[in-house]
file query-v7.cif (mmCIF, C-alpha atoms)
data_target
#
loop_
_atom_site.group_PDB
_atom_site.id
_atom_site.type_symbol
_atom_site.label_atom_id
_atom_site.label_comp_id
_atom_site.auth_asym_id
_atom_site.auth_seq_id
_atom_site.Cartn_x
_atom_site.Cartn_y
_atom_site.Cartn_z
ATOM 1 C CA MET A 3 -81.396 -12.251 -12.364
ATOM 2 C CA PRO A 4 -83.795 -11.105 -9.667
ATOM 3 C CA THR A 5 -87.441 -11.409 -10.677
ATOM 4 C CA VAL A 6 -88.076 -7.852 -9.499
ATOM 5 C CA ARG A 7 -86.218 -4.578 -10.068
ATOM 6 C CA LEU A 8 -84.305 -3.848 -6.896
ATOM 7 C CA ARG A 9 -84.776 -0.194 -6.039
ATOM 8 C CA ASP A 10 -81.791 1.931 -5.108
ATOM 9 C CA ALA A 11 -81.792 3.355 -1.604
ATOM 10 C CA GLU A 12 -82.586 6.803 -3.008
ATOM 11 C CA GLU A 13 -85.910 5.516 -4.375
ATOM 12 C CA TYR A 14 -87.208 4.719 -0.896
ATOM 13 C CA PRO A 15 -88.942 7.302 1.281
ATOM 14 C CA GLU A 16 -86.813 9.107 3.799
ATOM 15 C CA SER A 17 -88.533 7.369 6.706
ATOM 16 C CA THR A 18 -87.582 3.943 5.319
ATOM 17 C CA ARG A 19 -83.963 4.778 4.564
ATOM 18 C CA LYS A 20 -83.117 4.641 8.245
ATOM 19 C CA LEU A 21 -83.470 0.861 7.946
ATOM 20 C CA PHE A 22 -80.513 0.962 5.570
ATOM 21 C CA GLU A 23 -78.442 2.841 8.132
ATOM 22 C CA VAL A 24 -79.249 0.044 10.575
ATOM 23 C CA ALA A 25 -78.036 -2.520 8.017
ATOM 24 C CA LYS A 26 -74.815 -0.561 7.433
ATOM 25 C CA ALA A 27 -74.143 -0.460 11.178
ATOM 26 C CA TRP A 28 -75.014 -4.148 11.539
ATOM 27 C CA PHE A 29 -72.554 -5.287 8.892
ATOM 28 C CA LYS A 30 -69.981 -2.582 9.780
ATOM 29 C CA TYR A 31 -69.545 -2.009 6.054
ATOM 30 C CA ASP A 32 -70.199 1.032 3.915
ATOM 31 C CA PHE A 33 -72.165 -0.418 0.990
ATOM 32 C CA ALA A 34 -72.501 1.528 -2.254
ATOM 33 C CA GLN A 35 -76.096 0.267 -2.139
ATOM 34 C CA PRO A 36 -77.672 -1.582 0.779
ATOM 35 C CA PRO A 37 -77.671 -5.380 0.423
ATOM 36 C CA ALA A 38 -80.481 -6.682 -1.779
ATOM 37 C CA MET A 39 -82.147 -8.363 1.199
ATOM 38 C CA SER A 40 -82.229 -5.074 3.117
ATOM 39 C CA ARG A 41 -83.876 -3.372 0.177
ATOM 40 C CA VAL A 42 -86.449 -6.177 -0.141
ATOM 41 C CA MET A 43 -87.310 -6.080 3.556
ATOM 42 C CA ALA A 44 -87.645 -2.305 3.377
ATOM 43 C CA TRP A 45 -90.368 -2.649 0.730
ATOM 44 C CA ASP A 46 -92.836 -3.132 3.599
ATOM 45 C CA PRO A 47 -91.294 -1.293 6.555
ATOM 46 C CA GLU A 48 -94.024 -2.492 8.867
ATOM 47 C CA LEU A 49 -93.086 -6.118 8.177
ATOM 48 C CA GLY A 50 -89.380 -5.407 7.706
ATOM 49 C CA GLY A 51 -89.131 -3.515 10.974
ATOM 50 C CA PHE A 52 -90.571 -6.354 13.052
ATOM 51 C CA HIS A 53 -88.618 -8.960 11.120
ATOM 52 C CA GLY A 54 -85.379 -7.025 11.416
ATOM 53 C CA ARG A 55 -85.803 -6.606 15.159
ATOM 54 C CA ALA A 56 -86.510 -10.327 15.537
ATOM 55 C CA MET A 57 -83.384 -11.076 13.519
ATOM 56 C CA LYS A 58 -81.214 -8.721 15.557
ATOM 57 C CA ARG A 59 -82.588 -10.216 18.763
ATOM 58 C CA ALA A 60 -81.888 -13.734 17.494
ATOM 59 C CA MET A 61 -78.349 -12.841 16.370
ATOM 60 C CA ALA A 62 -77.329 -10.841 19.445
ATOM 61 C CA PRO A 63 -74.586 -12.415 21.568
ATOM 62 C CA GLY A 64 -76.041 -14.466 24.388
ATOM 63 C CA GLU A 65 -75.258 -18.016 25.331
ATOM 64 C CA LEU A 66 -73.827 -18.340 21.839
ATOM 65 C CA THR A 67 -71.473 -15.727 20.428
ATOM 66 C CA ARG A 68 -72.356 -13.675 17.361
ATOM 67 C CA ALA A 69 -69.769 -15.665 15.389
ATOM 68 C CA GLU A 70 -71.326 -18.963 16.445
ATOM 69 C CA LYS A 71 -74.735 -17.663 15.419
ATOM 70 C CA GLU A 72 -73.399 -16.595 12.026
ATOM 71 C CA MET A 73 -72.245 -20.168 11.585
ATOM 72 C CA VAL A 74 -75.701 -21.489 12.491
ATOM 73 C CA ALA A 75 -77.127 -19.054 9.926
ATOM 74 C CA ALA A 76 -74.649 -20.280 7.318
ATOM 75 C CA VAL A 77 -75.495 -23.961 7.737
ATOM 76 C CA VAL A 78 -79.239 -23.231 7.684
ATOM 77 C CA SER A 79 -78.727 -21.290 4.450
ATOM 78 C CA GLY A 80 -76.577 -24.119 3.123
ATOM 79 C CA VAL A 81 -79.105 -26.880 3.738
ATOM 80 C CA ASN A 82 -81.797 -24.631 2.285
ATOM 81 C CA ALA A 83 -79.562 -24.532 -0.827
ATOM 82 C CA CYS A 84 -79.714 -20.754 -0.806
ATOM 83 C CA ALA A 85 -76.881 -19.133 -2.762
ATOM 84 C CA TYR A 86 -77.748 -15.649 -1.547
ATOM 85 C CA MET B 6 -64.166 -16.780 12.305
ATOM 86 C CA ALA B 7 -62.112 -15.371 9.475
ATOM 87 C CA ASP B 8 -60.133 -18.586 9.007
ATOM 88 C CA ASP B 9 -61.529 -21.259 6.733
ATOM 89 C CA ALA B 10 -60.931 -24.141 9.158
ATOM 90 C CA PRO B 11 -64.174 -23.752 11.147
ATOM 91 C CA TRP B 12 -66.167 -23.447 7.932
ATOM 92 C CA TYR B 13 -64.681 -26.632 6.477
ATOM 93 C CA GLU B 14 -65.406 -28.333 9.766
ATOM 94 C CA ALA B 15 -68.978 -27.043 9.822
ATOM 95 C CA ALA B 16 -69.619 -28.218 6.248
ATOM 96 C CA LEU B 17 -68.307 -31.703 7.011
ATOM 97 C CA LEU B 18 -70.494 -31.781 10.105
ATOM 98 C CA VAL B 19 -73.565 -30.803 8.065
ATOM 99 C CA GLY B 20 -72.891 -33.655 5.651
ATOM 100 C CA VAL B 21 -72.410 -36.241 8.386
ATOM 101 C CA THR B 22 -75.493 -35.011 10.249
ATOM 102 C CA ASN B 23 -77.622 -35.384 7.151
ATOM 103 C CA ALA B 24 -76.153 -38.827 6.429
ATOM 104 C CA LEU B 25 -77.149 -40.014 9.900
ATOM 105 C CA ASN B 26 -80.590 -38.409 9.722
ATOM 106 C CA VAL B 27 -81.623 -39.929 6.395
ATOM 107 C CA VAL B 28 -81.085 -43.452 7.692
ATOM 108 C CA ALA B 29 -82.544 -42.770 11.136
ATOM 109 C CA ASP B 30 -85.724 -41.183 9.753
ATOM 110 C CA ALA B 31 -86.378 -43.806 7.078
ATOM 111 C CA PRO B 32 -88.658 -46.807 7.798
ATOM 112 C CA LEU B 33 -85.738 -49.193 8.178
ATOM 113 C CA GLU B 34 -86.576 -50.899 11.473
ATOM 114 C CA SER B 35 -86.251 -54.322 9.849
ATOM 115 C CA LEU B 36 -82.531 -53.768 9.188
ATOM 116 C CA GLU B 37 -81.621 -53.765 12.866
ATOM 117 C CA PRO B 38 -79.991 -57.131 13.750
ATOM 118 C CA ALA B 39 -81.571 -58.907 16.699
ATOM 119 C CA SER B 40 -78.146 -60.103 17.806
ATOM 120 C CA PRO B 41 -75.349 -57.763 16.689
ATOM 121 C CA SER B 42 -71.932 -59.360 16.161
ATOM 122 C CA ALA B 43 -69.076 -58.947 18.634
ATOM 123 C CA GLU B 44 -67.429 -56.526 16.175
ATOM 124 C CA ALA B 45 -70.579 -54.403 16.066
ATOM 125 C CA GLN B 46 -70.880 -54.574 19.854
ATOM 126 C CA ALA B 47 -67.361 -53.163 20.150
ATOM 127 C CA VAL B 48 -68.384 -50.168 18.047
ATOM 128 C CA PHE B 49 -71.551 -49.804 20.111
ATOM 129 C CA ALA B 50 -69.399 -49.596 23.245
ATOM 130 C CA GLU B 51 -67.458 -46.677 21.740
ATOM 131 C CA ILE B 52 -70.706 -44.953 20.797
ATOM 132 C CA ARG B 53 -72.147 -45.361 24.302
ATOM 133 C CA ALA B 54 -68.957 -43.918 25.790
ATOM 134 C CA PHE B 55 -68.946 -40.946 23.407
ATOM 135 C CA TYR B 56 -72.551 -40.041 24.138
ATOM 136 C CA GLU B 57 -72.465 -41.183 27.780
ATOM 137 C CA CYS B 58 -75.683 -43.118 27.256
ATOM 138 C CA SER B 59 -76.873 -46.691 27.598
ATOM 139 C CA ASN B 60 -78.809 -46.744 24.326
ATOM 140 C CA VAL B 61 -77.061 -46.708 20.965
ATOM 141 C CA PRO B 62 -78.748 -44.200 18.611
ATOM 142 C CA VAL B 63 -80.986 -46.007 16.153
ATOM 143 C CA VAL B 64 -78.990 -44.987 13.090
ATOM 144 C CA PHE B 65 -75.985 -46.996 14.231
ATOM 145 C CA ARG B 66 -78.041 -50.018 15.229
ATOM 146 C CA ARG B 67 -79.414 -50.142 11.683
ATOM 147 C CA LEU B 68 -75.909 -50.370 10.222
ATOM 148 C CA ALA B 69 -74.807 -53.221 12.488
ATOM 149 C CA ALA B 70 -75.407 -55.946 9.895
ATOM 150 C CA ASP B 71 -72.191 -54.715 8.232
ATOM 151 C CA PRO B 72 -69.829 -54.076 11.171
ATOM 152 C CA GLY B 73 -67.046 -52.782 8.926
ATOM 153 C CA TYR B 74 -69.320 -50.171 7.397
ATOM 154 C CA LEU B 75 -70.712 -49.321 10.845
ATOM 155 C CA ALA B 76 -67.182 -48.772 12.173
ATOM 156 C CA ASP B 77 -66.284 -46.417 9.327
ATOM 157 C CA VAL B 78 -69.528 -44.429 9.565
ATOM 158 C CA TRP B 79 -69.055 -44.154 13.319
ATOM 159 C CA GLY B 80 -65.417 -43.091 12.840
ATOM 160 C CA SER B 81 -66.457 -40.229 10.600
ATOM 161 C CA ALA B 82 -69.332 -39.253 12.901
ATOM 162 C CA ARG B 83 -67.083 -39.275 15.987
ATOM 163 C CA ARG B 84 -64.527 -37.115 14.189
ATOM 164 C CA ALA B 85 -67.241 -34.748 12.925
ATOM 165 C CA PHE B 86 -68.722 -34.223 16.394
ATOM 166 C CA ALA B 87 -65.546 -34.253 18.503
ATOM 167 C CA ASP B 88 -63.964 -31.077 19.874
ATOM 168 C CA ASN B 89 -61.667 -29.633 17.230
ATOM 169 C CA THR B 90 -61.537 -26.113 15.821
ATOM 170 C CA LEU B 91 -65.214 -25.988 16.736
ATOM 171 C CA THR B 92 -66.354 -27.216 20.124
ATOM 172 C CA ARG B 93 -68.644 -30.196 20.509
ATOM 173 C CA ARG B 94 -71.218 -27.839 21.999
ATOM 174 C CA ILE B 95 -71.450 -25.600 18.919
ATOM 175 C CA LYS B 96 -71.320 -28.643 16.653
ATOM 176 C CA GLU B 97 -74.418 -30.043 18.354
ATOM 177 C CA ALA B 98 -76.076 -26.641 17.921
ATOM 178 C CA LEU B 99 -75.260 -26.686 14.195
ATOM 179 C CA ALA B 100 -76.539 -30.262 13.872
ATOM 180 C CA PHE B 101 -79.742 -29.269 15.672
ATOM 181 C CA ALA B 102 -80.226 -26.323 13.291
ATOM 182 C CA VAL B 103 -79.632 -28.569 10.274
ATOM 183 C CA SER B 104 -82.034 -31.194 11.604
ATOM 184 C CA VAL B 105 -84.800 -28.674 12.278
ATOM 185 C CA THR B 106 -84.310 -27.163 8.818
ATOM 186 C CA THR B 107 -84.410 -30.539 7.081
ATOM 187 C CA ARG B 108 -87.381 -31.682 9.210
ATOM 188 C CA SER B 109 -85.512 -34.634 10.648
ATOM 189 C CA GLN B 110 -87.436 -36.011 13.611
ATOM 190 C CA PHE B 111 -84.492 -38.132 14.708
ATOM 191 C CA GLY B 112 -81.906 -35.394 14.324
ATOM 192 C CA THR B 113 -84.005 -32.698 15.974
ATOM 193 C CA ALA B 114 -84.694 -34.800 19.066
ATOM 194 C CA PHE B 115 -81.212 -36.319 19.247
ATOM 195 C CA HIS B 116 -79.208 -33.118 18.887
ATOM 196 C CA LEU B 117 -81.580 -31.216 21.178
ATOM 197 C CA GLY B 118 -80.834 -33.863 23.781
ATOM 198 C CA GLU B 119 -77.109 -33.611 23.143
ATOM 199 C CA MET B 120 -77.146 -29.812 23.408
ATOM 200 C CA ARG B 121 -78.851 -30.053 26.776
ATOM 201 C CA ARG B 122 -76.510 -32.820 27.937
ATOM 202 C CA LEU B 123 -73.532 -30.632 27.035
ATOM 203 C CA GLY B 124 -74.899 -27.758 29.105
ATOM 204 C CA VAL B 125 -76.796 -25.584 26.642
ATOM 205 C CA THR B 126 -79.725 -24.035 28.532
ATOM 206 C CA GLU B 127 -83.242 -23.424 27.226
ATOM 207 C CA ARG B 128 -82.178 -19.863 26.457
ATOM 208 C CA GLY B 129 -79.345 -21.195 24.306
ATOM 209 C CA VAL B 130 -81.705 -23.588 22.544
ATOM 210 C CA MET B 131 -84.051 -20.681 21.803
ATOM 211 C CA GLU B 132 -81.122 -18.700 20.401
ATOM 212 C CA VAL B 133 -80.272 -21.481 17.956
ATOM 213 C CA LEU B 134 -83.937 -21.920 17.071
ATOM 214 C CA GLY B 135 -84.315 -18.165 16.518
ATOM 215 C CA VAL B 136 -81.383 -17.997 14.105
ATOM 216 C CA THR B 137 -82.656 -21.120 12.337
ATOM 217 C CA GLN B 138 -86.104 -19.613 11.936
ATOM 218 C CA MET B 139 -84.873 -16.197 10.799
ATOM 219 C CA PHE B 140 -82.573 -17.613 8.146
ATOM 220 C CA SER B 141 -85.206 -20.095 6.992
ATOM 221 C CA SER B 142 -87.157 -16.933 6.238
ATOM 222 C CA TYR B 143 -84.396 -14.981 4.468
ATOM 223 C CA THR B 144 -83.387 -17.922 2.315
ATOM 224 C CA LYS B 145 -86.908 -18.391 0.972
ATOM 225 C CA ILE B 146 -87.363 -14.677 0.320
ATOM 226 C CA ALA B 147 -84.046 -14.652 -1.559
ATOM 227 C CA ASP B 148 -84.954 -17.750 -3.557
ATOM 228 C CA THR B 149 -88.427 -16.498 -4.414
ATOM 229 C CA LEU B 150 -87.000 -13.282 -5.858
ATOM 230 C CA GLN B 151 -83.864 -15.060 -7.171
ATOM 231 C CA LEU B 152 -81.604 -12.576 -5.433
ATOM 232 C CA GLU B 153 -77.946 -12.846 -6.324
ATOM 233 C CA PRO B 154 -75.184 -12.879 -3.694
ATOM 234 C CA ASP B 155 -74.039 -9.324 -3.101
ATOM 235 C CA MET B 156 -72.065 -9.491 0.112
ATOM 236 C CA GLY B 157 -69.333 -12.007 -0.692
ATOM 237 C CA HIS B 158 -66.765 -9.266 -1.148
ATOM 238 C CA ILE B 159 -66.969 -8.180 2.481
ATOM 239 C CA ALA B 160 -65.806 -11.594 3.747
ATOM 240 C CA ALA B 161 -62.139 -12.199 4.560
ATOM 241 C CA VAL B 162 -60.157 -14.589 2.332
ATOM 242 C CA ASP B 163 -57.955 -17.223 3.983
ATOM 243 C CA LEU B 164 -54.879 -17.893 1.812
ATOM 244 C CA THR B 165 -53.300 -20.500 4.065
ATOM 245 C CA PRO B 166 -52.734 -23.953 2.511
ATOM 246 C CA ALA B 167 -54.666 -27.127 3.249
ATOM 247 C CA PRO B 168 -53.659 -28.822 6.536
ATOM 248 C CA GLY B 169 -50.167 -30.251 6.119
ATOM 249 C CA GLY B 170 -49.815 -28.637 2.699
ATOM 250 C CA PRO B 171 -46.858 -26.630 1.327
ATOM 251 C CA ALA B 172 -46.122 -23.042 2.341
ATOM 252 C CA ALA B 173 -48.863 -20.459 2.187
ATOM 253 C CA MET B 174 -49.649 -18.792 -1.114
ATOM 254 C CA PRO B 175 -48.238 -15.302 -1.483
ATOM 255 C CA ARG B 176 -50.640 -12.574 -0.427
ATOM 256 C CA GLY B 177 -51.577 -9.361 -2.152
ATOM 257 C CA PRO B 178 -51.103 -8.335 -5.783
ATOM 258 C CA ALA B 179 -48.309 -10.887 -6.315
ATOM 259 C CA ALA B 180 -50.922 -13.635 -5.883
ATOM 260 C CA ALA B 181 -53.011 -12.356 -8.777
ATOM 261 C CA PRO B 182 -52.703 -14.253 -12.059
ATOM 262 C CA ARG B 183 -50.499 -12.488 -14.563
ATOM 263 C CA PRO B 184 -52.085 -11.306 -17.805
ATOM 264 C CA PRO B 185 -50.955 -13.166 -20.933
ATOM 265 C CA GLU B 186 -47.829 -11.735 -22.512
ATOM 266 C CA ALA B 187 -48.064 -10.000 -25.867
ATOM 267 C CA PRO B 188 -46.808 -12.121 -28.794
#
call {"tool": "encode", "arguments": {"input": "query-v7.cif", "output": "structure tokens"}}
result
Amino acid sequence: MPTVRLRDAEEYPESTRKLFEVAKAWFKYDFAQPPAMSRVMAWDPELGGFHGRAMKRAMAPGELTRAEKEMVAAVVSGVNACAY
Amino acid sequence: MADDAPWYEAALLVGVTNALNVVADAPLESLEPASPSAEAQAVFAEIRAFYECSNVPVVFRRLAADPGYLADVWGSARRAFADNTLTRRIKEALAFAVSVTTRSQFGTAFHLGEMRRLGVTERGVMEVLGVTQMFSSYTKIADTLQLEPDMGHIAAVDLTPAPGGPAAMPRGPAAAPRPPEAP
């Protein structure tokens, strides 16, 4: 169980909800509710905005493909023993 | 990468990388034989050829007192890092990411060197480092709040059998377990 109550998208201010649209476009998936991590990052849009842009920049295709970068992300998450 | 094969390969690579790093980073200098046996030297020759280097990485030198064990560890490492479903280049990138994340001094330096040797530029290194840093952030945020996985259902499922196994499992509703029959 999360240690905080995850707010539904509708509970966020209009200005913040655009971050959820970015997440939907990023994953190319129409979530009933944005992923928990998106909703956590949106708690502080000033932090979440910078962090999200850094993440998108890091994950954008470059010398490595997006798929290769997803695999890097997966092994980092794995060795961090993160189930999420 | 919808197929499972690259993910199995990546997981095996992570395990082998960590196995090499734990021995290389430990204070085990005294284990390195001053005069490795001919059997160990033969394995060393394979290692030098694989990495195109004159120096055998320290982790293998420390295993040389048991040449049979050294040969088997090297065999698994060579298989883990060789071109297969995943290229050697991306495997070195994964090993670098794992080594940075686990704070392995040996692994970070070694796999950084291998990435560069295999043609990854500084831009490519920064890309791997960026992904490593970003996901080292997300994982700790998720763990701190004990977030539960909520995106597993969007991933594709690979129903093909294990390599060399019998025919693929049936797909679709027929693959679902049948409910118990009424008495």
call {"tool": "atom_distance", "arguments": {"input": "query-v7.cif", "atom1": "atom CA of Met73 of chain A", "atom2": "atom CA of Gly51 of chain A"}}
result
23.7 Å
call {"tool": "residues_around", "arguments": {"input": "query-v7.cif", "residues": "Met39 of chain A", "least_positions_apart": "3", "cutoff": "12 Å", "atoms": "all atoms listed in the file", "output": "short mmCIF file (atom, residue, chain, number, x, y, z; two decimals) with C-alpha atoms, in the coordinates of the input"}}
result
data_model
loop_
_atom_site.label_atom_id
_atom_site.label_comp_id
_atom_site.auth_asym_id
_atom_site.auth_seq_id
_atom_site.Cartn_x
_atom_site.Cartn_y
_atom_site.Cartn_z
CA PRO A 4 -83.80 -11.10 -9.67
CA LEU A 8 -84.30 -3.85 -6.90
CA ARG A 9 -84.78 -0.19 -6.04
CA LEU A 21 -83.47 0.86 7.95
CA PHE A 22 -80.51 0.96 5.57
CA ALA A 25 -78.04 -2.52 8.02
CA GLN A 35 -76.10 0.27 -2.14
CA PRO A 36 -77.67 -1.58 0.78
CA VAL A 42 -86.45 -6.18 -0.14
CA MET A 43 -87.31 -6.08 3.56
CA ALA A 44 -87.64 -2.31 3.38
CA TRP A 45 -90.37 -2.65 0.73
CA GLY A 50 -89.38 -5.41 7.71
CA HIS A 53 -88.62 -8.96 11.12
CA GLY A 54 -85.38 -7.02 11.42
CA TYR A 86 -77.75 -15.65 -1.55
CA PHE B 140 -82.57 -17.61 8.15
CA SER B 142 -87.16 -16.93 6.24
CA TYR B 143 -84.40 -14.98 4.47
CA THR B 144 -83.39 -17.92 2.32
CA LYS B 145 -86.91 -18.39 0.97
CA ILE B 146 -87.36 -14.68 0.32
CA ALA B 147 -84.05 -14.65 -1.56
CA ASP B 148 -84.95 -17.75 -3.56
CA THR B 149 -88.43 -16.50 -4.41
CA LEU B 150 -87.00 -13.28 -5.86
CA GLN B 151 -83.86 -15.06 -7.17
CA LEU B 152 -81.60 -12.58 -5.43
CA GLU B 153 -77.95 -12.85 -6.32
CA PRO B 154 -75.18 -12.88 -3.69
CA ASP B 155 -74.04 -9.32 -3.10
CA MET B 156 -72.06 -9.49 0.11
#
call {"tool": "residues_around", "arguments": {"input": "query-v7.cif", "residues": "Tyr31 of chain A", "least_positions_apart": "3", "cutoff": "8 Å", "atoms": "only C-alpha atoms", "output": "short mmCIF file (atom, residue, chain, number, x, y, z; two decimals) with C-alpha atoms, in the coordinates of the input"}}
result
data_model
loop_
_atom_site.label_atom_id
_atom_site.label_comp_id
_atom_site.auth_asym_id
_atom_site.auth_seq_id
_atom_site.Cartn_x
_atom_site.Cartn_y
_atom_site.Cartn_z
CA LYS A 26 -74.82 -0.56 7.43
CA ALA A 27 -74.14 -0.46 11.18
CA ILE B 159 -66.97 -8.18 2.48
#
call {"tool": "atom_distance", "arguments": {"input": "query-v7.cif", "atom1": "atom CA of Gly170 of chain B", "atom2": "atom CA of Ala85 of chain B"}}
result
21.1 Å
call {"tool": "interface_residues", "arguments": {"input": "query-v7.cif", "of": "chain A", "to": "chain B", "cutoff": "8 Å", "atoms": "all atoms listed in the file", "output": "number ranges by chain"}}
result
A: 3-6, 31, 37-39, 56-57, 60-61, 64-66, 69-71, 73-75, 77-79, 81-82, 84-86
call {"tool": "write_last_selection", "arguments": {"input": "query-v7.cif", "atoms": "C-alpha atoms", "output": "PDB file, keeping the file's coordinate frame"}}
result
ATOM      1  CA  MET A   3     -81.396 -12.251 -12.364  1.00  0.00           C
ATOM      2  CA  PRO A   4     -83.795 -11.105  -9.667  1.00  0.00           C
ATOM      3  CA  THR A   5     -87.441 -11.409 -10.677  1.00  0.00           C
ATOM      4  CA  VAL A   6     -88.076  -7.852  -9.499  1.00  0.00           C
ATOM      5  CA  TYR A  31     -69.545  -2.009   6.054  1.00  0.00           C
ATOM      6  CA  PRO A  37     -77.671  -5.380   0.423  1.00  0.00           C
ATOM      7  CA  ALA A  38     -80.481  -6.682  -1.779  1.00  0.00           C
ATOM      8  CA  MET A  39     -82.147  -8.363   1.199  1.00  0.00           C
ATOM      9  CA  ALA A  56     -86.510 -10.327  15.537  1.00  0.00           C
ATOM     10  CA  MET A  57     -83.384 -11.076  13.519  1.00  0.00           C
ATOM     11  CA  ALA A  60     -81.888 -13.734  17.494  1.00  0.00           C
ATOM     12  CA  MET A  61     -78.349 -12.841  16.370  1.00  0.00           C
ATOM     13  CA  GLY A  64     -76.041 -14.466  24.388  1.00  0.00           C
ATOM     14  CA  GLU A  65     -75.258 -18.016  25.331  1.00  0.00           C
ATOM     15  CA  LEU A  66     -73.827 -18.340  21.839  1.00  0.00           C
ATOM     16  CA  ALA A  69     -69.769 -15.665  15.389  1.00  0.00           C
ATOM     17  CA  GLU A  70     -71.326 -18.963  16.445  1.00  0.00           C
ATOM     18  CA  LYS A  71     -74.735 -17.663  15.419  1.00  0.00           C
ATOM     19  CA  MET A  73     -72.245 -20.168  11.585  1.00  0.00           C
ATOM     20  CA  VAL A  74     -75.701 -21.489  12.491  1.00  0.00           C
ATOM     21  CA  ALA A  75     -77.127 -19.054   9.926  1.00  0.00           C
ATOM     22  CA  VAL A  77     -75.495 -23.961   7.737  1.00  0.00           C
ATOM     23  CA  VAL A  78     -79.239 -23.231   7.684  1.00  0.00           C
ATOM     24  CA  SER A  79     -78.727 -21.290   4.450  1.00  0.00           C
ATOM     25  CA  VAL A  81     -79.105 -26.880   3.738  1.00  0.00           C
ATOM     26  CA  ASN A  82     -81.797 -24.631   2.285  1.00  0.00           C
ATOM     27  CA  CYS A  84     -79.714 -20.754  -0.806  1.00  0.00           C
ATOM     28  CA  ALA A  85     -76.881 -19.133  -2.762  1.00  0.00           C
ATOM     29  CA  TYR A  86     -77.748 -15.649  -1.547  1.00  0.00           C
TER      30      TYR A  86
END
call {"tool": "atom_distance", "arguments": {"input": "query-v7.cif", "atom1": "atom CA of Glu12 of chain A", "atom2": "atom CA of Val24 of chain A"}}
result
15.5 Å
call {"tool": "resolve_selection", "arguments": {"input": "query-v7.cif", "expression": "the PyMOL selection byres ((chain B and resi 49) around 9)", "output": "ChimeraX atom specification"}}
result
/B:44-48,50-54,60-61,65-66,69
call {"tool": "decode", "arguments": {"input": "query-v7.cif", "residues": "segment 22-37 of chain A", "atoms": "N, CA and C atoms", "output": "PDB file, in the first residue's frame"}}
result
ATOM      1  N   PHE A  22      -0.153  15.305 -17.155  1.00  0.00           N
ATOM      2  CA  PHE A  22      -0.704  13.963 -17.364  1.00  0.00           C
ATOM      3  C   PHE A  22      -0.911  13.681 -18.849  1.00  0.00           C
ATOM      4  N   GLU A  23      -1.262  14.727 -19.590  1.00  0.00           N
ATOM      5  CA  GLU A  23      -1.410  14.551 -21.044  1.00  0.00           C
ATOM      6  C   GLU A  23      -0.054  14.201 -21.661  1.00  0.00           C
ATOM      7  N   VAL A  24       0.998  14.808 -21.107  1.00  0.00           N
ATOM      8  CA  VAL A  24       2.351  14.500 -21.591  1.00  0.00           C
ATOM      9  C   VAL A  24       2.673  13.032 -21.315  1.00  0.00           C
ATOM     10  N   ALA A  25       2.297  12.563 -20.118  1.00  0.00           N
ATOM     11  CA  ALA A  25       2.557  11.157 -19.758  1.00  0.00           C
ATOM     12  C   ALA A  25       1.793  10.215 -20.683  1.00  0.00           C
ATOM     13  N   LYS A  26       0.536  10.563 -20.964  1.00  0.00           N
ATOM     14  CA  LYS A  26      -0.293   9.722 -21.847  1.00  0.00           C
ATOM     15  C   LYS A  26       0.349   9.624 -23.225  1.00  0.00           C
ATOM     16  N   ALA A  27       0.826  10.761 -23.734  1.00  0.00           N
ATOM     17  CA  ALA A  27       1.468  10.770 -25.054  1.00  0.00           C
ATOM     18  C   ALA A  27       2.788   9.997 -25.022  1.00  0.00           C
ATOM     19  N   TRP A  28       3.496  10.104 -23.907  1.00  0.00           N
ATOM     20  CA  TRP A  28       4.799   9.437 -23.783  1.00  0.00           C
ATOM     21  C   TRP A  28       4.635   7.925 -23.847  1.00  0.00           C
ATOM     22  N   PHE A  29       3.655   7.419 -23.094  1.00  0.00           N
ATOM     23  CA  PHE A  29       3.460   5.971 -23.040  1.00  0.00           C
ATOM     24  C   PHE A  29       2.576   5.458 -24.186  1.00  0.00           C
ATOM     25  N   LYS A  30       1.958   6.368 -24.940  1.00  0.00           N
ATOM     26  CA  LYS A  30       1.040   6.009 -26.019  1.00  0.00           C
ATOM     27  C   LYS A  30      -0.038   5.054 -25.488  1.00  0.00           C
ATOM     28  N   TYR A  31      -0.591   5.413 -24.337  1.00  0.00           N
ATOM     29  CA  TYR A  31      -1.582   4.553 -23.692  1.00  0.00           C
ATOM     30  C   TYR A  31      -2.581   5.442 -22.963  1.00  0.00           C
ATOM     31  N   ASP A  32      -3.853   5.101 -23.139  1.00  0.00           N
ATOM     32  CA  ASP A  32      -4.907   5.916 -22.533  1.00  0.00           C
ATOM     33  C   ASP A  32      -5.246   5.357 -21.153  1.00  0.00           C
ATOM     34  N   PHE A  33      -4.559   5.838 -20.129  1.00  0.00           N
ATOM     35  CA  PHE A  33      -4.765   5.354 -18.766  1.00  0.00           C
ATOM     36  C   PHE A  33      -6.101   5.842 -18.207  1.00  0.00           C
ATOM     37  N   ALA A  34      -6.753   4.981 -17.410  1.00  0.00           N
ATOM     38  CA  ALA A  34      -7.946   5.428 -16.691  1.00  0.00           C
ATOM     39  C   ALA A  34      -7.534   6.528 -15.716  1.00  0.00           C
ATOM     40  N   GLN A  35      -6.413   6.323 -15.046  1.00  0.00           N
ATOM     41  CA  GLN A  35      -5.775   7.346 -14.214  1.00  0.00           C
ATOM     42  C   GLN A  35      -4.299   7.386 -14.605  1.00  0.00           C
ATOM     43  N   PRO A  36      -3.675   8.537 -14.557  1.00  0.00           N
ATOM     44  CA  PRO A  36      -2.248   8.577 -14.893  1.00  0.00           C
ATOM     45  C   PRO A  36      -1.463   7.634 -13.982  1.00  0.00           C
ATOM     46  N   PRO A  37      -0.317   7.131 -14.456  1.00  0.00           N
ATOM     47  CA  PRO A  37       0.503   6.270 -13.602  1.00  0.00           C
ATOM     48  C   PRO A  37       0.803   6.959 -12.270  1.00  0.00           C
TER      49      PRO A  37
END
